[in-house]
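Visitor: Input file: upload.cif. Contents: mmCIF, C-alpha atoms.
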data_work
loop_
_atom_site.group_PDB
_atom_site.id
_atom_site.type_symbol
_atom_site.label_atom_id
_atom_site.label_comp_id
_atom_site.auth_asym_id
_atom_site.auth_seq_id
_atom_site.Cartn_x
_atom_site.Cartn_y
_atom_site.Cartn_z
ATOM 1 C CA MET K 1 127.031 121.808 76.592
ATOM 2 C CA LEU K 2 124.837 119.486 78.669
ATOM 3 C CA ILE K 3 127.517 116.778 78.721
ATOM 4 C CA LYS K 4 130.174 119.202 79.936
ATOM 5 C CA LEU K 5 127.882 120.610 82.628
ATOM 6 C CA VAL K 6 127.061 117.122 83.934
ATOM 7 C CA GLU K 7 130.752 116.205 84.040
ATOM 8 C CA LEU K 8 131.577 119.449 85.839
ATOM 9 C CA TYR K 9 128.835 118.946 88.383
ATOM 10 C CA ILE K 10 129.848 115.326 89.059
ATOM 11 C CA SER K 11 133.453 116.410 89.647
ATOM 12 C CA THR K 12 132.619 119.350 91.964
ATOM 13 C CA HIS K 13 129.179 118.464 93.418
ATOM 14 C CA GLN K 14 128.404 122.176 93.183
ATOM 15 C CA PRO K 15 125.804 123.992 91.033
ATOM 16 C CA VAL K 16 127.327 125.211 87.762
ATOM 17 C CA ASN K 17 126.905 128.810 86.554
ATOM 18 C CA SER K 18 127.445 130.415 83.145
ATOM 19 C CA SER K 19 130.823 131.921 84.051
ATOM 20 C CA GLN K 20 132.192 128.450 84.778
ATOM 21 C CA MET K 21 130.938 127.213 81.417
ATOM 22 C CA GLU K 22 132.684 130.090 79.584
ATOM 23 C CA ARG K 23 136.009 128.325 80.154
ATOM 24 C CA PHE K 24 134.947 125.466 77.905
ATOM 25 C CA PHE K 25 133.156 127.215 75.029
ATOM 26 C CA PRO K 26 134.317 130.078 72.752
ATOM 27 C CA TRP K 27 130.966 131.850 73.051
ATOM 28 C CA ALA K 28 129.813 135.097 74.595
ATOM 29 C CA GLY K 29 128.396 134.913 78.110
ATOM 30 C CA SER K 30 124.959 135.912 76.825
ATOM 31 C CA THR K 31 124.968 132.987 74.389
ATOM 32 C CA ILE K 32 125.912 130.518 77.110
ATOM 33 C CA ARG K 33 123.221 131.868 79.434
ATOM 34 C CA LYS K 34 120.655 131.514 76.661
ATOM 35 C CA GLU K 35 121.720 127.899 76.024
ATOM 36 C CA LEU K 36 121.468 127.096 79.722
ATOM 37 C CA GLN K 37 118.020 128.662 79.912
ATOM 38 C CA GLU K 38 116.923 126.547 76.941
ATOM 39 C CA LEU K 39 118.216 123.360 78.573
ATOM 40 C CA GLU K 40 116.393 124.307 81.761
ATOM 41 C CA SER K 41 113.138 124.934 79.865
ATOM 42 C CA GLN K 42 113.492 121.444 78.345
ATOM 43 C CA LYS K 43 113.870 119.962 81.862
ATOM 44 C CA TYR K 44 117.474 118.825 81.368
ATOM 45 C CA LEU K 45 118.659 121.212 84.099
ATOM 46 C CA GLU K 46 117.164 122.575 87.284
ATOM 47 C CA LYS K 47 117.941 125.135 90.001
ATOM 48 C CA LEU K 48 117.996 124.473 93.724
ATOM 49 C CA HIS K 49 116.902 128.104 94.243
ATOM 50 C CA VAL K 50 116.580 131.261 92.153
ATOM 51 C CA SER K 51 120.074 132.662 92.636
ATOM 52 C CA SER K 52 121.956 129.360 92.392
ATOM 53 C CA GLY K 53 123.681 127.809 89.412
ATOM 54 C CA ARG K 54 122.137 124.855 87.658
ATOM 55 C CA ILE K 55 122.383 121.135 88.311
ATOM 56 C CA PRO K 56 121.454 118.253 85.996
ATOM 57 C CA SER K 57 117.926 116.904 86.436
ATOM 58 C CA ASN K 58 117.084 113.203 86.196
ATOM 59 C CA LYS K 59 116.334 113.807 82.513
ATOM 60 C CA GLY K 60 119.751 115.394 82.024
ATOM 61 C CA LEU K 61 121.495 112.564 83.835
ATOM 62 C CA LYS K 62 119.657 109.987 81.726
ATOM 63 C CA PHE K 63 120.835 111.742 78.569
ATOM 64 C CA TYR K 64 124.405 111.635 79.855
ATOM 65 C CA ILE K 65 124.127 107.995 80.975
ATOM 66 C CA ASN K 66 122.607 106.872 77.665
ATOM 67 C CA ARG K 67 125.523 108.499 75.865
ATOM 68 C CA ILE K 68 127.956 106.468 77.987
ATOM 69 C CA LEU K 69 126.038 103.263 77.303
ATOM 70 C CA ALA K 70 125.834 104.006 73.586
ATOM 71 C CA GLN K 71 129.593 104.456 73.383
ATOM 72 C CA ARG K 72 129.935 100.904 74.781
ATOM 73 C CA GLU K 73 133.304 101.731 76.328
ATOM 74 C CA HIS K 74 131.989 100.298 79.565
ATOM 75 C CA ILE K 75 132.121 96.738 78.196
ATOM 76 C CA ALA K 76 135.863 96.365 78.701
ATOM 77 C CA CYS K 77 136.735 95.778 82.349
ATOM 78 C CA PRO K 78 140.411 94.800 82.617
ATOM 79 C CA GLY K 79 141.785 93.303 85.802
ATOM 80 C CA MET K 80 138.447 92.091 87.142
ATOM 81 C CA GLU K 81 138.636 88.533 88.477
ATOM 82 C CA THR K 82 135.886 86.088 87.620
ATOM 83 C CA PRO K 83 136.359 82.700 89.308
ATOM 84 C CA VAL K 84 134.975 79.529 87.746
ATOM 85 C CA LEU K 85 131.596 78.490 89.150
ATOM 86 C CA ARG K 86 131.929 74.803 88.268
ATOM 87 C CA GLY K 87 132.254 72.754 91.435
ATOM 88 C CA SER K 88 132.046 75.899 93.555
ATOM 89 C CA ASP K 89 129.492 77.270 95.972
ATOM 90 C CA PHE K 90 127.393 79.920 94.247
ATOM 91 C CA ILE K 91 126.788 82.024 97.370
ATOM 92 C CA ASP K 92 130.470 82.040 98.378
ATOM 93 C CA ILE K 93 131.538 83.226 94.927
ATOM 94 C CA SER K 94 128.699 85.744 94.766
ATOM 95 C CA MET K 95 129.723 87.243 98.086
ATOM 96 C CA LYS K 96 133.334 87.541 96.933
ATOM 97 C CA LEU K 97 132.365 89.211 93.662
ATOM 98 C CA LEU K 98 129.942 91.568 95.419
ATOM 99 C CA SER K 99 132.600 92.507 97.982
ATOM 100 C CA ASP K 100 134.991 93.381 95.144
ATOM 101 C CA LEU K 101 132.208 95.298 93.387
ATOM 102 C CA SER K 102 131.230 97.357 96.427
ATOM 103 C CA THR K 103 134.863 98.091 97.315
ATOM 104 C CA SER K 104 135.775 99.271 93.814
ATOM 105 C CA THR K 105 132.677 101.471 93.395
ATOM 106 C CA HIS K 106 131.961 102.522 97.014
ATOM 107 C CA ASN K 107 128.337 101.483 96.553
ATOM 108 C CA LEU K 108 126.115 98.650 97.747
ATOM 109 C CA GLY K 109 126.167 95.599 95.478
ATOM 110 C CA PHE K 110 123.531 92.877 95.394
ATOM 111 C CA ILE K 111 122.486 89.722 93.572
ATOM 112 C CA LEU K 112 118.787 88.906 93.560
ATOM 113 C CA LEU K 113 117.835 85.378 92.534
ATOM 114 C CA GLY K 114 114.222 85.133 91.431
ATOM 115 C CA SER K 115 113.848 81.772 93.169
ATOM 116 C CA VAL K 116 115.913 78.640 93.651
ATOM 117 C CA MET K 117 112.867 76.889 92.198
ATOM 118 C CA GLU K 118 113.848 78.118 88.727
ATOM 119 C CA PHE K 119 117.322 76.532 88.568
ATOM 120 C CA ASN K 120 117.803 73.188 86.838
ATOM 121 C CA PHE K 121 119.106 70.723 89.399
ATOM 122 C CA LYS K 122 121.160 67.584 88.952
ATOM 123 C CA LYS K 123 120.977 66.418 92.558
ATOM 124 C CA ILE K 124 119.318 67.631 95.730
ATOM 125 C CA ARG K 125 119.284 66.625 99.392
ATOM 126 C CA PHE K 126 117.729 68.009 102.559
ATOM 127 C CA ILE K 127 119.600 68.367 105.847
ATOM 128 C CA LYS K 128 117.746 68.822 109.128
ATOM 129 C CA LEU K 129 119.137 71.803 111.065
ATOM 130 C CA SER K 130 116.467 71.953 113.773
ATOM 131 C CA PRO K 131 112.928 70.590 114.211
ATOM 132 C CA TYR K 132 111.429 73.176 111.839
ATOM 133 C CA LYS K 133 114.445 74.346 109.851
ATOM 134 C CA LEU K 134 115.981 72.554 106.867
ATOM 135 C CA LEU K 135 118.891 73.112 104.515
ATOM 136 C CA ALA K 136 118.437 72.327 100.821
ATOM 137 C CA VAL K 137 121.735 71.410 99.139
ATOM 138 C CA ILE K 138 121.433 71.614 95.364
ATOM 139 C CA ARG K 139 123.873 70.541 92.703
ATOM 140 C CA SER K 140 122.906 72.393 89.548
ATOM 141 C CA ASP K 141 123.158 71.108 86.005
ATOM 142 C CA HIS K 142 125.911 73.722 85.612
ATOM 143 C CA ASN K 143 127.885 71.786 88.254
ATOM 144 C CA TRP K 144 127.889 74.470 90.888
ATOM 145 C CA ASN K 145 126.526 74.101 94.394
ATOM 146 C CA TYR K 146 123.744 76.095 96.015
ATOM 147 C CA THR K 147 122.452 75.920 99.584
ATOM 148 C CA LYS K 148 119.365 77.519 101.078
ATOM 149 C CA SER K 149 117.985 77.250 104.576
ATOM 150 C CA PHE K 150 114.231 77.475 105.066
ATOM 151 C CA PHE K 151 111.569 76.907 107.697
ATOM 152 C CA THR K 152 108.788 74.323 107.484
ATOM 153 C CA SER K 153 105.327 74.082 109.023
ATOM 154 C CA ARG K 154 105.934 70.654 110.571
ATOM 155 C CA ASN K 155 108.752 68.556 111.999
ATOM 156 C CA TYR K 156 109.890 66.260 109.180
ATOM 157 C CA SER K 157 111.891 63.140 110.008
ATOM 158 C CA PRO K 158 115.331 62.522 108.453
ATOM 159 C CA SER K 159 113.977 59.377 106.769
ATOM 160 C CA GLU K 160 111.179 61.374 105.092
ATOM 161 C CA LEU K 161 113.663 63.951 103.850
ATOM 162 C CA ALA K 162 115.967 61.270 102.466
ATOM 163 C CA LYS K 163 113.076 59.548 100.701
ATOM 164 C CA TRP K 164 111.847 62.757 99.073
ATOM 165 C CA ALA K 165 115.344 63.711 97.955
ATOM 166 C CA ARG K 166 115.654 60.307 96.250
ATOM 167 C CA THR K 167 112.256 60.842 94.583
ATOM 168 C CA LEU K 168 113.296 64.231 93.224
ATOM 169 C CA ASN K 169 116.648 62.925 92.003
ATOM 170 C CA GLN K 170 115.129 59.884 90.301
ATOM 171 C CA ASP K 171 111.923 61.333 88.850
ATOM 172 C CA PHE K 172 112.738 64.981 88.155
ATOM 173 C CA ALA K 173 116.514 65.369 87.745
ATOM 174 C CA ASP K 174 117.638 67.956 85.166
ATOM 175 C CA SER K 175 114.394 69.888 85.577
ATOM 176 C CA THR K 176 113.574 72.736 87.944
ATOM 177 C CA LEU K 177 111.904 72.397 91.322
ATOM 178 C CA SER K 178 109.127 74.551 89.909
ATOM 179 C CA ILE K 179 108.510 72.024 87.123
ATOM 180 C CA ALA K 180 108.751 69.164 89.622
ATOM 181 C CA LEU K 181 106.112 70.848 91.781
ATOM 182 C CA LYS K 182 103.764 71.219 88.794
ATOM 183 C CA LYS K 183 104.252 67.606 87.696
ATOM 184 C CA ILE K 184 103.617 66.347 91.229
ATOM 185 C CA ARG K 185 100.433 68.393 91.440
ATOM 186 C CA ASN K 186 99.240 67.035 88.070
ATOM 187 C CA ARG K 187 99.980 63.440 89.052
ATOM 188 C CA ILE K 188 98.044 63.783 92.314
ATOM 189 C CA PHE K 189 95.161 65.436 90.454
ATOM 190 C CA LYS K 190 94.984 62.759 87.720
ATOM 191 C CA ASP K 191 95.460 59.707 89.931
ATOM 192 C CA ARG K 192 94.822 60.735 93.513
ATOM 193 C CA ALA K 193 94.583 57.236 94.943
ATOM 194 C CA ARG K 194 97.903 56.173 93.447
ATOM 195 C CA TYR K 195 100.067 59.247 94.007
ATOM 196 C CA LEU K 196 98.709 61.010 97.103
ATOM 197 C CA ALA K 197 100.640 58.865 99.570
ATOM 198 C CA VAL K 198 103.806 59.068 97.445
ATOM 199 C CA TYR K 199 103.920 62.803 96.879
ATOM 200 C CA GLN K 200 101.737 64.555 99.449
ATOM 201 C CA GLY K 201 104.504 65.245 101.968
ATOM 202 C CA LEU K 202 106.987 66.241 99.256
ATOM 203 C CA TYR K 203 104.407 68.535 97.671
ATOM 204 C CA GLN K 204 103.873 70.362 100.961
ATOM 205 C CA LEU K 205 107.625 70.626 101.501
ATOM 206 C CA LEU K 206 108.240 72.196 98.082
ATOM 207 C CA LYS K 207 105.463 74.691 98.743
ATOM 208 C CA SER K 208 107.260 76.037 101.827
ATOM 209 C CA ARG K 209 107.109 79.809 101.653
ATOM 210 C CA ASP K 210 110.783 80.311 102.537
ATOM 211 C CA LEU K 211 111.911 77.862 99.851
ATOM 212 C CA LEU K 212 109.823 79.600 97.184
ATOM 213 C CA SER K 213 110.961 83.092 98.142
ATOM 214 C CA ALA K 214 113.565 85.176 96.343
ATOM 215 C CA GLU K 215 117.144 85.128 97.565
ATOM 216 C CA LEU K 216 118.944 88.422 98.169
ATOM 217 C CA ILE K 217 122.724 88.452 98.562
ATOM 218 C CA SER K 218 124.291 91.827 99.300
ATOM 219 C CA ARG K 219 127.618 93.361 100.240
ATOM 220 C CA GLY K 220 128.765 96.902 100.973
ATOM 221 C CA GLU K 221 125.953 97.880 103.349
ATOM 222 C CA GLU K 222 128.457 100.039 105.226
ATOM 223 C CA ASN K 223 128.688 102.310 102.173
ATOM 224 C CA ILE K 224 125.112 103.544 102.585
ATOM 225 C CA PHE K 225 126.255 105.866 105.382
ATOM 226 C CA ASN K 226 128.274 107.787 102.778
ATOM 227 C CA PHE K 227 125.382 108.204 100.312
ATOM 228 C CA GLY K 228 124.438 111.631 101.654
ATOM 229 C CA ILE K 229 121.071 110.536 103.071
ATOM 230 C CA ASN K 230 120.167 113.270 105.547
ATOM 231 C CA SER K 231 116.928 111.818 106.887
ATOM 232 C CA GLN K 232 117.073 109.080 109.504
ATOM 233 C CA ALA K 233 113.647 107.919 108.335
ATOM 234 C CA GLU K 234 114.968 107.507 104.761
ATOM 235 C CA MET K 235 117.981 105.569 106.047
ATOM 236 C CA LYS K 236 115.708 103.294 108.064
ATOM 237 C CA GLN K 237 113.488 102.687 105.030
ATOM 238 C CA LEU K 238 116.508 101.747 102.894
ATOM 239 C CA LEU K 239 117.622 99.186 105.464
ATOM 240 C CA LEU K 240 114.071 97.785 105.598
ATOM 241 C CA ILE K 241 114.015 97.422 101.796
ATOM 242 C CA LEU K 242 117.108 95.225 101.972
ATOM 243 C CA GLU K 243 115.602 93.143 104.781
ATOM 244 C CA GLU K 244 112.227 92.661 103.064
ATOM 245 C CA LYS K 245 113.569 90.677 100.135
ATOM 246 C CA GLU K 246 110.140 89.777 98.722
ATOM 247 C CA ARG K 247 109.256 93.468 98.479
ATOM 248 C CA PHE K 248 112.617 94.277 96.937
ATOM 249 C CA ALA K 249 112.278 91.378 94.465
ATOM 250 C CA ALA K 250 108.847 92.656 93.392
ATOM 251 C CA PHE K 251 110.331 96.133 92.913
ATOM 252 C CA VAL K 252 113.151 94.787 90.718
ATOM 253 C CA ASP K 253 110.812 92.534 88.716
ATOM 254 C CA ASP K 254 108.532 95.481 88.044
ATOM 255 C CA LEU K 255 111.458 97.590 86.824
ATOM 256 C CA LEU K 256 112.708 94.899 84.455
ATOM 257 C CA HIS K 257 109.331 93.536 83.348
ATOM 258 C CA LYS K 258 109.452 95.277 79.974
ATOM 259 C CA SER K 259 113.209 95.134 79.443
ATOM 260 C CA HIS K 260 114.651 92.917 76.703
ATOM 261 C CA GLN K 261 116.809 89.890 77.423
ATOM 262 C CA SER K 262 120.070 91.765 77.649
ATOM 263 C CA THR K 263 122.955 92.068 80.070
ATOM 264 C CA GLU K 264 123.053 95.834 79.424
ATOM 265 C CA PRO K 265 122.611 97.862 82.641
ATOM 266 C CA VAL K 266 119.247 99.465 83.389
ATOM 267 C CA VAL K 267 119.369 102.728 85.369
ATOM 268 C CA VAL K 268 116.539 103.772 87.689
ATOM 269 C CA PHE K 269 116.267 106.910 89.813
ATOM 270 C CA GLY K 270 114.618 106.191 93.147
ATOM 271 C CA SER K 271 112.849 109.559 93.178
ATOM 272 C CA GLU K 272 110.847 108.431 90.133
ATOM 273 C CA GLN K 273 109.654 105.217 91.799
ATOM 274 C CA GLY K 274 108.017 106.673 94.885
ATOM 275 C CA ILE K 275 109.722 104.199 97.232
ATOM 276 C CA SER K 276 110.810 105.717 100.521
ATOM 277 C CA GLY K 277 114.440 104.891 101.185
ATOM 278 C CA LEU K 278 115.468 105.228 97.538
ATOM 279 C CA ASN K 279 114.348 108.826 96.919
ATOM 280 C CA GLN K 280 117.879 110.251 96.959
ATOM 281 C CA LEU K 281 119.542 107.239 95.341
ATOM 282 C CA MET K 282 119.984 105.434 92.051
ATOM 283 C CA VAL K 283 119.642 101.732 91.264
ATOM 284 C CA VAL K 284 121.602 100.125 88.421
ATOM 285 C CA LEU K 285 120.532 96.623 87.348
ATOM 286 C CA ALA K 286 121.610 93.968 84.876
ATOM 287 C CA GLY K 287 120.097 90.508 84.426
ATOM 288 C CA PHE K 288 121.654 87.097 83.860
ATOM 289 C CA PHE K 289 119.934 84.345 81.947
ATOM 290 C CA SER K 290 119.626 80.605 81.408
ATOM 291 C CA ARG K 291 120.349 78.852 78.121
ATOM 292 C CA ASP K 292 116.645 79.129 77.244
ATOM 293 C CA LYS K 293 116.755 82.908 77.885
ATOM 294 C CA ARG K 294 114.888 82.826 81.195
ATOM 295 C CA ARG K 295 115.960 85.550 83.611
ATOM 296 C CA LEU K 296 117.505 83.655 86.527
ATOM 297 C CA GLY K 297 118.530 86.646 88.555
ATOM 298 C CA ASN K 298 119.776 90.191 88.627
ATOM 299 C CA ILE K 299 122.993 91.789 89.718
ATOM 300 C CA GLY K 300 122.831 95.409 90.704
ATOM 301 C CA MET K 301 124.054 98.335 92.719
ATOM 302 C CA ILE K 302 122.484 100.999 94.905
ATOM 303 C CA GLY K 303 124.300 104.290 95.244
ATOM 304 C CA PRO K 304 124.007 108.071 95.037
ATOM 305 C CA ARG K 305 122.622 109.735 91.903
ATOM 306 C CA TYR K 306 126.104 110.909 90.985
ATOM 307 C CA MET K 307 128.688 108.145 90.751
ATOM 308 C CA GLU K 308 131.497 106.916 88.532
ATOM 309 C CA TYR K 309 129.069 105.780 85.863
ATOM 310 C CA PRO K 310 131.553 104.166 83.402
ATOM 311 C CA ASN K 311 133.185 102.132 86.180
ATOM 312 C CA VAL K 312 129.831 100.986 87.584
ATOM 313 C CA PHE K 313 128.369 100.093 84.176
ATOM 314 C CA SER K 314 131.453 98.207 83.024
ATOM 315 C CA ARG K 315 131.584 96.075 86.157
ATOM 316 C CA LEU K 316 127.883 95.235 86.169
ATOM 317 C CA HIS K 317 127.900 94.424 82.457
ATOM 318 C CA HIS K 318 130.966 92.222 82.931
ATOM 319 C CA LEU K 319 129.448 90.296 85.864
ATOM 320 C CA SER K 320 126.049 89.799 84.221
ATOM 321 C CA ASN K 321 127.821 88.426 81.148
ATOM 322 C CA TYR K 322 129.942 86.225 83.385
ATOM 323 C CA PHE K 323 126.993 84.641 85.181
ATOM 324 C CA SER K 324 124.999 84.208 81.970
ATOM 325 C CA THR K 325 127.976 82.545 80.251
ATOM 326 C CA GLU K 326 128.506 80.177 83.173
ATOM 327 C CA PHE K 327 124.827 79.200 83.230
ATOM 328 C CA VAL K 328 124.626 78.705 79.472
ATOM 329 C CA ASN K 329 127.893 76.883 78.800
ATOM 330 C CA HIS K 330 128.127 74.601 81.800
#
Would you write the structure of this file as structure tokens?
Guide:
Amino acid sequence: MLIKLVELYISTHQPVNSSQMERFFPWAGSTIRKELQELESQKYLEKLHVSSGRIPSNKGLKFYINRILAQREHIACPGMETPVLRGSDFIDISMKLLSDLSTSTHNLGFILLGSVMEFNFKKIRFIKLSPYKLLAVIRSDHNWNYTKSFFTSRNYSPSELAKWARTLNQDFADSTLSIALKKIRNRIFKDRARYLAVYQGLYQLLKSRDLLSAELISRGEENIFNFGINSQAEMKQLLLILEEKERFAAFVDDLLHKSHQSTEPVVVFGSEQGISGLNQLMVVLAGFFSRDKRRLGNIGMIGPRYMEYPNVFSRLHHLSNYFSTEFVNH
């Protein structure tokens, strides 16, 4: 009965009463009312007010969603294009895939990279954009390209940047920038006189806050105006969440901290997280991983509590598998 009520509510967006449920079950009205009362007492259903019909609670929606996930029908996603990453720009492809995702689901899609520092690189160079702004151009060991602009605390010369890029490519290729940073720190610590002049400037560059920070790529922001958010303050808070990527990254990391290394979607109701801006919404997340099972990033969606769950889950599962496969096999 709970499954049918959830489906009916999603299709009508109106509270469901016992007379509506009588069309689907060969039971007396008193029996149906008793069943609904029992589901309400178990917190699967709730009422907006005393005389209204019932709507599914978060607990009821989770039961319904877990049933969809358990059926695993969401895995198949025919007709969804997945371009090859090899030799391509990661951000360009991510934006295209997120645009397709947001258009097909009418939600906001995002990719959150934990940090560019965690990707194995084959080659790196730094391009000077302005006195205090640089562009890191990274060729990964998966043979895709990644660029990230970041600000520095001092005005580095082009010759310094070229020298440090050569040092990284010669001494630390096929590792991560995070590992390179640790090795540089250890070398300076063990033999300060020998390595300080060689690595000090590079060490400070790699510690730049903007380079270390998470990267948030999103598409479909225009859809948030159709999410049914009635409060202007809530809308403003949602927009701030997307702008404050470090805060959003910490939120996502906290949600997935205890999850297993799986590309299965994780569903979170904003009202259970106490974060203003997400109270009326739902977040669906799936991770993608390196060949050594490290979580490299997350692909997800933000949308209303009631959405086309099978379509959303299938697309997220497909894309998380896609990114993980590309990272592992290439």
Visitor: Using the chain letters and numbers from the file, give me the residues hit by the PyMOL selection byres ((chain K and resi 95) around 10), as JSON, numbers by chain.
Guide: {"K": [90, 91, 92, 93, 94, 96, 97, 98, 99, 100, 101, 109, 110, 111, 217, 218, 219]}
Visitor: Emit the selected residues as a compact mmCIF listing (two decimals), in the coordinates of the input, including C-alpha atoms.
Guide:
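Below is the file out-v7.txt, written as the result:
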# COMPACT_ATOMS: atom_id res chain seq x y z
CA PHE K 90 127.39 79.92 94.25
CA ILE K 91 126.79 82.02 97.37
CA ASP K 92 130.47 82.04 98.38
CA ILE K 93 131.54 83.23 94.93
CA SER K 94 128.70 85.74 94.77
CA LYS K 96 133.33 87.54 96.93
CA LEU K 97 132.36 89.21 93.66
CA LEU K 98 129.94 91.57 95.42
CA SER K 99 132.60 92.51 97.98
CA ASP K 100 134.99 93.38 95.14
CA LEU K 101 132.21 95.30 93.39
CA GLY K 109 126.17 95.60 95.48
CA PHE K 110 123.53 92.88 95.39
CA ILE K 111 122.49 89.72 93.57
CA ILE K 217 122.72 88.45 98.56
CA SER K 218 124.29 91.83 99.30
CA ARG K 219 127.62 93.36 100.24
Visitor: Carefully work through the PyMOL selection byres ((chain K and resi 46-53) around 12) for this structure and note down the residues it includes, as a ChimeraX atom specification.
Guide: /K:2,5-6,9,13-21,33,36-45,54-61
Visitor: Write a file of the just-selected residues containing C-alpha atoms, as a PDB file, in the coordinates of the input.
Guide:
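Everything below was put into again_6.pdb:
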ATOM      1  CA  LEU K   2     124.837 119.486  78.669  1.00  0.00           C
ATOM      2  CA  LEU K   5     127.882 120.610  82.628  1.00  0.00           C
ATOM      3  CA  VAL K   6     127.061 117.122  83.934  1.00  0.00           C
ATOM      4  CA  TYR K   9     128.835 118.946  88.383  1.00  0.00           C
ATOM      5  CA  HIS K  13     129.179 118.464  93.418  1.00  0.00           C
ATOM      6  CA  GLN K  14     128.404 122.176  93.183  1.00  0.00           C
ATOM      7  CA  PRO K  15     125.804 123.992  91.033  1.00  0.00           C
ATOM      8  CA  VAL K  16     127.327 125.211  87.762  1.00  0.00           C
ATOM      9  CA  ASN K  17     126.905 128.810  86.554  1.00  0.00           C
ATOM     10  CA  SER K  18     127.445 130.415  83.145  1.00  0.00           C
ATOM     11  CA  SER K  19     130.823 131.921  84.051  1.00  0.00           C
ATOM     12  CA  GLN K  20     132.192 128.450  84.778  1.00  0.00           C
ATOM     13  CA  MET K  21     130.938 127.213  81.417  1.00  0.00           C
ATOM     14  CA  ARG K  33     123.221 131.868  79.434  1.00  0.00           C
ATOM     15  CA  LEU K  36     121.468 127.096  79.722  1.00  0.00           C
ATOM     16  CA  GLN K  37     118.020 128.662  79.912  1.00  0.00           C
ATOM     17  CA  GLU K  38     116.923 126.547  76.941  1.00  0.00           C
ATOM     18  CA  LEU K  39     118.216 123.360  78.573  1.00  0.00           C
ATOM     19  CA  GLU K  40     116.393 124.307  81.761  1.00  0.00           C
ATOM     20  CA  SER K  41     113.138 124.934  79.865  1.00  0.00           C
ATOM     21  CA  GLN K  42     113.492 121.444  78.345  1.00  0.00           C
ATOM     22  CA  LYS K  43     113.870 119.962  81.862  1.00  0.00           C
ATOM     23  CA  TYR K  44     117.474 118.825  81.368  1.00  0.00           C
ATOM     24  CA  LEU K  45     118.659 121.212  84.099  1.00  0.00           C
ATOM     25  CA  ARG K  54     122.137 124.855  87.658  1.00  0.00           C
ATOM     26  CA  ILE K  55     122.383 121.135  88.311  1.00  0.00           C
ATOM     27  CA  PRO K  56     121.454 118.253  85.996  1.00  0.00           C
ATOM     28  CA  SER K  57     117.926 116.904  86.436  1.00  0.00           C
ATOM     29  CA  ASN K  58     117.084 113.203  86.196  1.00  0.00           C
ATOM     30  CA  LYS K  59     116.334 113.807  82.513  1.00  0.00           C
ATOM     31  CA  GLY K  60     119.751 115.394  82.024  1.00  0.00           C
ATOM     32  CA  LEU K  61     121.495 112.564  83.835  1.00  0.00           C
TER      33      LEU K  61
END
Visitor: In Å to one decimal, how far is CA of Gln237 in chain K from CA of Tyr64 in chain K?
Guide: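 A separation of 28.9 Å between them.
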Visitor: Applying 6 Å and all atoms listed in the file, which residues near range 176-188 of chain K remain after dropping the ones on its own chain fewer than 4 positions away? List them as number ranges by chain.
Guide: K: 117-120, 172, 192, 195-196
Visitor: Between CA of Ser320 in chain K and CA of Leu296 in chain K, measure the distance and give it in Å to one decimal.
Guide: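 Separation between CA of Ser320 in chain K and CA of Leu296 in chain K: 10.8 Å.
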Visitor: Quick one: residues within 6 Å of Pro304 in chain K, all atoms listed in the file, excluding same-chain residues fewer than 5 positions away - as a list of chain:residue names?
Guide: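 Residues near the query, excluding close chain neighbours: K:Phe227, K:Leu281, K:Met282.
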Visitor: Can I get the selected residues back with C-alpha atoms, as a PDB file, in the coordinates of the input?
Guide:
ATOM      1  CA  PHE K 227     125.382 108.204 100.312  1.00  0.00           C
ATOM      2  CA  LEU K 281     119.542 107.239  95.341  1.00  0.00           C
ATOM      3  CA  MET K 282     119.984 105.434  92.051  1.00  0.00           C
TER       4      MET K 282
END
Visitor: Please expand the PyMOL selection byres ((chain K and resi 290) around 9) into the concrete residues it hits in this file, giving the result as a list in words.
Guide: Phe119, Phe288, Phe289, Arg291, Asp292, Lys293, Arg294, Arg295, Leu296, Ser324, Thr325, Phe327 and Val328 of chain K
Visitor: Kindly reconstruct range 52-59 of chain K with N, CA and C atoms and present the result as a tab-separated table (two decimals), in the frame of the given file.
Guide:
chain	number	residue	atom	x	y	z
K	52	SER	N	120.90	130.36	92.50
K	52	SER	CA	121.96	129.36	92.39
K	52	SER	C	122.28	129.06	90.94
K	53	GLY	N	123.39	128.35	90.74
K	53	GLY	CA	123.68	127.81	89.41
K	53	GLY	C	122.75	126.64	89.13
K	54	ARG	N	123.02	125.95	88.07
K	54	ARG	CA	122.14	124.86	87.66
K	54	ARG	C	122.78	123.50	87.95
K	55	ILE	N	121.93	122.51	88.14
K	55	ILE	CA	122.38	121.14	88.31
K	55	ILE	C	121.62	120.27	87.32
K	56	PRO	N	122.18	119.13	86.93
K	56	PRO	CA	121.45	118.25	86.00
K	56	PRO	C	120.24	117.63	86.66
K	57	SER	N	119.13	117.60	85.97
K	57	SER	CA	117.93	116.90	86.44
K	57	SER	C	118.07	115.41	86.13
K	58	ASN	N	117.09	114.62	86.56
K	58	ASN	CA	117.08	113.20	86.20
K	58	ASN	C	117.10	113.02	84.68
K	59	LYS	N	116.36	113.88	83.98
K	59	LYS	CA	116.33	113.81	82.51
K	59	LYS	C	117.71	114.09	81.94
